[in-house]
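**Student:** Sharing a structure, written as structure tokens. Questions coming.
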Amino acid sequence: MTNFGQGMMIVLSSPSGAGKTTLTRLLSEKNDNYVISISHTTRTPRHNEIDGKDYFFVKKDQFKELIKKDCFIEHAIVFNNFYGTMKEPVIKDLSKGKNVLFDIDWQGAKQIKKKHIDFKLITLFILPPSTKELKERLHNREKKDDLIIEKRMSQFKNDILHWKDYDYVVINNELSNCYNQIQKIISSESKGLKYNYDEKKIEEKVTELIL
Ligand code: 5GP
């Protein structure tokens with residue numbers, strides 16, 4: 001049974017650089033009732049990242065210990081680093097009626113879906129408008145580290161193939177449009193209604209992006 005009236009789990013996944021972190025932040029800033037689930041990772045922090053705010057940065061053996069203790073709802077290896085979502089804080093927030101936002105990859109989304117946790121779940125996949133735009137965004141973020149950019153671009157096509165596993169796919173053409181569409185989806189779903197959108201347009205966009 002789903003706990004309607006209680007918090008919802010809202011998963012946002014996308015190829016790296018498609019803008020989901022910005023969208024997740026925007027959703028939590030504009031809605032008092034939303035919180036972002038802060039993941040644990042073994043990745044090295046980027047220059048502007050803060051421990052406990054962007055991620056909990058931990059060593060590999062600490063991460064493995066948390067897996068052993070069954071502390072994660074989901075965990076995965078992405079770009080050779082461990083990432084995972086802790087169970088306890090998420091369940092606590094949902095029980096208080098908060099909507100919890102998850103900025104996680106397709107492996108994590110799949111695991112959460114499979115667990116049938118007793119709260120409503122919406123999964124969204126965000127697409128970049130074009131591969132050119134995606135490369136530019138990665139360039140700005142990764143400080144022109146060509147090796148990382150190359151790695152993330154090659155992962156991109158693999159990530160995108162998982163779009164069908166999601167409830168909704170949204171194209172991040174323009175931030176405010178994309179944000180509004182996500183809000184409409186969440187609002188419909190919170191009333192138990194499916195949000196209608198143009199799936200054919202999405203299929204065409206995916207085909208264009210993986211060519
Ligand atoms: P980044 O290193 O760029 O912050 O994240 C790399 C990828 O890992 C992104 O696709 C992000 O959504 C994903 N990710 C971040 N946290 C988690 C998590 O807790 N679990 C999973 N499965 N993926 C995560």
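Order determines the names: the first chain of the structure tokens is A, the second B, and so forth; residues in each chain are numbered 1 upward, and ligands are numbered 1 upward as they are shown.
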At a cut-off of 9 Å and counting only C-alpha atoms and all ligand atoms, what residues surround ligand 1? Please answer as an NGL selection string.

**Tutor:** :A and (12-17 or 20-21 or 37-41 or 43-46 or 54-55 or 72-79 or 81-86 or 102-111 or 152 or 159)

**Student:** Skipping near chain neighbours, those fewer than 6 positions away, what residues fall within 8 Å of Ala18 in chain A using only C-alpha atoms, listed as a list in words?

**Tutor:**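 Those residues are Ile126, Leu127, Pro128, Leu134, Arg137 and Asn172 of chain A.
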
**Student:** Could you check which of A:Lys201, A:Lys96, A:Lys151, A:Lys143 is closest to Phe119 in chain A, using only C-alpha atoms?

**Tutor:**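 When distances to Phe119 in chain A are compared using only C-alpha atoms, the smallest one comes from A:Lys96.
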
**Student:** May I ask which of the residues A:Ile117, A:Leu101, A:Ile202, A:Leu124 is the closest one to Leu26 in chain A, counting only C-alpha atoms?

**Tutor:**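 For Leu26 in chain A, the nearest of the candidates is A:Leu101.
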
**Student:** Run DSSP on the backbone and grab whatever in range 85-203 of chain A lands in strand (DSSP E); send it over as a list in words.

**Tutor:**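 Matching residues for strand (DSSP E) in range 85-203 of chain A are Thr85, Met86, Asn99, Val100, Leu101, Phe102, Asp103, Lys120, Leu121, Ile122, Thr123, Leu124, Phe125, Ile126, Leu127, Tyr168, Val169, Val170 and Ile171 of chain A.
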
**Student:** In Å, how far is it from CA of Tyr179 in chain A to CA of Ile149 in chain A?

**Tutor:**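 That distance, rounded to one decimal, is 25.6 Å.
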
**Student:** Which residue gives the smallest distance to Lys191 in chain A among A:Lys157, A:Arg25, A:Lys135, A:Lys120, with only C-alpha atoms counted?

**Tutor:**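 For Lys191 in chain A, the nearest of the given residues is A:Lys120.
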
**Student:** Taking into account only C-alpha atoms, which residue in the set A:Asn80, A:Thr42, A:Gln6, A:Glu150 is nearest to Gln62 in chain A?

**Tutor:** A:Thr42

**Student:** Ranking A:Ser154, A:Ser95, A:Thr22, A:Ser28 by minimum distance to Asp118 in chain A and counting only C-alpha atoms, which one comes first?

**Tutor:** A:Ser95

**Student:** Excluding Leu121 in chain A and residues on its chain fewer than 6 positions from it, collect all residues at most 12 Å away from it, counting only C-alpha atoms, and give them as a PyMOL selection string.

**Tutor:** chain A and resi 2-4+6-12+94+99-102+109-110+112-115+166-168+186+189-190+192

**Student:** How would the residues just chosen look if you wrote them out with N, CA, C and O atoms as a JSON list (two decimals), in the first residue's frame?

**Tutor:**
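part-v3.json written:
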[["chain", "number", "residue", "atom", "x", "y", "z"],
["A", 2, "THR", "N", 0.54, 2.20, -0.85],
["A", 2, "THR", "CA", 1.30, 3.44, -0.87],
["A", 2, "THR", "C", 0.72, 4.42, 0.14],
["A", 2, "THR", "O", -0.48, 4.54, 0.29],
["A", 3, "ASN", "N", 1.61, 5.11, 0.83],
["A", 3, "ASN", "CA", 1.19, 6.08, 1.83],
["A", 3, "ASN", "C", 0.86, 7.43, 1.19],
["A", 3, "ASN", "O", 1.64, 8.35, 1.25],
["A", 4, "PHE", "N", -0.31, 7.56, 0.55],
["A", 4, "PHE", "CA", -0.67, 8.84, -0.02],
["A", 4, "PHE", "C", -0.85, 9.84, 1.11],
["A", 4, "PHE", "O", -1.30, 9.48, 2.20],
["A", 6, "GLN", "N", 1.49, 11.18, 2.58],
["A", 6, "GLN", "CA", 2.82, 11.29, 3.16],
["A", 6, "GLN", "C", 3.78, 11.74, 2.06],
["A", 6, "GLN", "O", 3.39, 11.99, 0.94],
["A", 7, "GLY", "N", 5.07, 11.83, 2.42],
["A", 7, "GLY", "CA", 6.04, 12.29, 1.44],
["A", 7, "GLY", "C", 6.17, 11.38, 0.23],
["A", 7, "GLY", "O", 5.80, 10.21, 0.28],
["A", 8, "MET", "N", 6.66, 11.97, -0.87],
["A", 8, "MET", "CA", 6.89, 11.19, -2.09],
["A", 8, "MET", "C", 8.38, 11.10, -2.36],
["A", 8, "MET", "O", 9.14, 12.02, -2.01],
["A", 9, "MET", "N", 8.79, 10.05, -3.02],
["A", 9, "MET", "CA", 10.18, 9.92, -3.46],
["A", 9, "MET", "C", 10.24, 10.35, -4.92],
["A", 9, "MET", "O", 9.51, 9.79, -5.76],
["A", 10, "ILE", "N", 11.07, 11.34, -5.21],
["A", 10, "ILE", "CA", 11.16, 11.85, -6.57],
["A", 10, "ILE", "C", 12.59, 11.67, -7.08],
["A", 10, "ILE", "O", 13.52, 12.32, -6.59],
["A", 11, "VAL", "N", 12.75, 10.74, -8.01],
["A", 11, "VAL", "CA", 14.08, 10.44, -8.54],
["A", 11, "VAL", "C", 14.32, 11.22, -9.82],
["A", 11, "VAL", "O", 13.47, 11.23, -10.72],
["A", 12, "LEU", "N", 15.45, 11.91, -9.88],
["A", 12, "LEU", "CA", 15.85, 12.59, -11.12],
["A", 12, "LEU", "C", 17.17, 12.00, -11.58],
["A", 12, "LEU", "O", 18.17, 12.06, -10.86],
["A", 94, "LEU", "N", 10.51, 11.16, 4.78],
["A", 94, "LEU", "CA", 9.24, 10.76, 4.14],
["A", 94, "LEU", "C", 8.14, 10.62, 5.20],
["A", 94, "LEU", "O", 7.00, 11.04, 4.98],
["A", 99, "ASN", "N", 8.78, 15.63, 0.74],
["A", 99, "ASN", "CA", 9.09, 15.00, -0.54],
["A", 99, "ASN", "C", 10.61, 14.93, -0.66],
["A", 99, "ASN", "O", 11.29, 15.95, -0.51],
["A", 100, "VAL", "N", 11.13, 13.75, -0.93],
["A", 100, "VAL", "CA", 12.58, 13.58, -0.99],
["A", 100, "VAL", "C", 13.04, 13.47, -2.44],
["A", 100, "VAL", "O", 12.53, 12.66, -3.21],
["A", 101, "LEU", "N", 14.00, 14.33, -2.82],
["A", 101, "LEU", "CA", 14.54, 14.34, -4.18],
["A", 101, "LEU", "C", 15.84, 13.54, -4.23],
["A", 101, "LEU", "O", 16.72, 13.73, -3.38],
["A", 102, "PHE", "N", 15.94, 12.67, -5.21],
["A", 102, "PHE", "CA", 17.15, 11.84, -5.36],
["A", 102, "PHE", "C", 17.82, 12.17, -6.68],
["A", 102, "PHE", "O", 17.21, 11.98, -7.74],
["A", 109, "ALA", "N", 18.05, 4.18, -9.51],
["A", 109, "ALA", "CA", 16.60, 4.32, -9.75],
["A", 109, "ALA", "C", 15.96, 2.92, -9.85],
["A", 109, "ALA", "O", 14.90, 2.66, -9.27],
["A", 110, "LYS", "N", 16.64, 2.05, -10.54],
["A", 110, "LYS", "CA", 16.16, 0.67, -10.73],
["A", 110, "LYS", "C", 16.05, -0.06, -9.38],
["A", 110, "LYS", "O", 15.06, -0.74, -9.11],
["A", 112, "ILE", "N", 15.74, 1.29, -6.34],
["A", 112, "ILE", "CA", 14.67, 1.87, -5.50],
["A", 112, "ILE", "C", 13.30, 1.37, -5.97],
["A", 112, "ILE", "O", 12.45, 1.01, -5.17],
["A", 113, "LYS", "N", 13.12, 1.32, -7.29],
["A", 113, "LYS", "CA", 11.86, 0.85, -7.86],
["A", 113, "LYS", "C", 11.57, -0.58, -7.41],
["A", 113, "LYS", "O", 10.45, -0.91, -7.02],
["A", 114, "LYS", "N", 12.59, -1.40, -7.45],
["A", 114, "LYS", "CA", 12.47, -2.82, -7.13],
["A", 114, "LYS", "C", 12.11, -3.05, -5.67],
["A", 114, "LYS", "O", 11.52, -4.07, -5.32],
["A", 115, "LYS", "N", 12.52, -2.10, -4.80],
["A", 115, "LYS", "CA", 12.32, -2.31, -3.36],
["A", 115, "LYS", "C", 10.89, -2.11, -2.91],
["A", 115, "LYS", "O", 10.53, -2.48, -1.81],
["A", 166, "TYR", "N", 11.95, 4.82, -16.93],
["A", 166, "TYR", "CA", 11.46, 5.92, -16.09],
["A", 166, "TYR", "C", 9.99, 6.24, -16.36],
["A", 166, "TYR", "O", 9.48, 5.98, -17.44],
["A", 167, "ASP", "N", 9.33, 6.85, -15.34],
["A", 167, "ASP", "CA", 7.93, 7.22, -15.51],
["A", 167, "ASP", "C", 7.79, 8.37, -16.51],
["A", 167, "ASP", "O", 6.84, 8.42, -17.28],
["A", 168, "TYR", "N", 8.74, 9.31, -16.46],
["A", 168, "TYR", "CA", 8.67, 10.49, -17.32],
["A", 168, "TYR", "C", 10.06, 10.84, -17.84],
["A", 168, "TYR", "O", 11.06, 10.63, -17.15],
["A", 186, "ILE", "N", 4.86, 16.45, -10.96],
["A", 186, "ILE", "CA", 4.78, 16.10, -9.54],
["A", 186, "ILE", "C", 3.39, 16.45, -9.00],
["A", 186, "ILE", "O", 2.79, 15.67, -8.25],
["A", 189, "GLU", "N", 0.88, 13.86, -10.25],
["A", 189, "GLU", "CA", 1.11, 12.57, -9.58],
["A", 189, "GLU", "C", 0.69, 12.61, -8.11],
["A", 189, "GLU", "O", 0.21, 11.62, -7.57],
["A", 190, "SER", "N", 0.87, 13.78, -7.47],
["A", 190, "SER", "CA", 0.48, 13.88, -6.06],
["A", 190, "SER", "C", -1.03, 13.73, -5.89],
["A", 190, "SER", "O", -1.51, 13.38, -4.82],
["A", 192, "GLY", "N", -2.59, 11.62, -7.74],
["A", 192, "GLY", "CA", -2.85, 10.26, -8.24],
["A", 192, "GLY", "C", -3.14, 10.23, -9.72],
["A", 192, "GLY", "O", -3.67, 9.23, -10.24]]

**Student:** For Gln183 in chain A, which residue among A:Cys71, A:Ile91, A:Ile122, A:Val206 is the nearest when counting only C-alpha atoms?

**Tutor:**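 Between A:Cys71, A:Ile91, A:Ile122, A:Val206, the residue approaching Gln183 in chain A most closely is A:Ile122.
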
**Student:** Going by DSSP on the backbone, which bits of range 26-207 of chain A are alpha helix (DSSP H)? Write them as a PyMOL selection string, please.

**Tutor:** chain A and resi 26-30+60-68+87-95+106-115+131-141+146-160+175-190+199-207
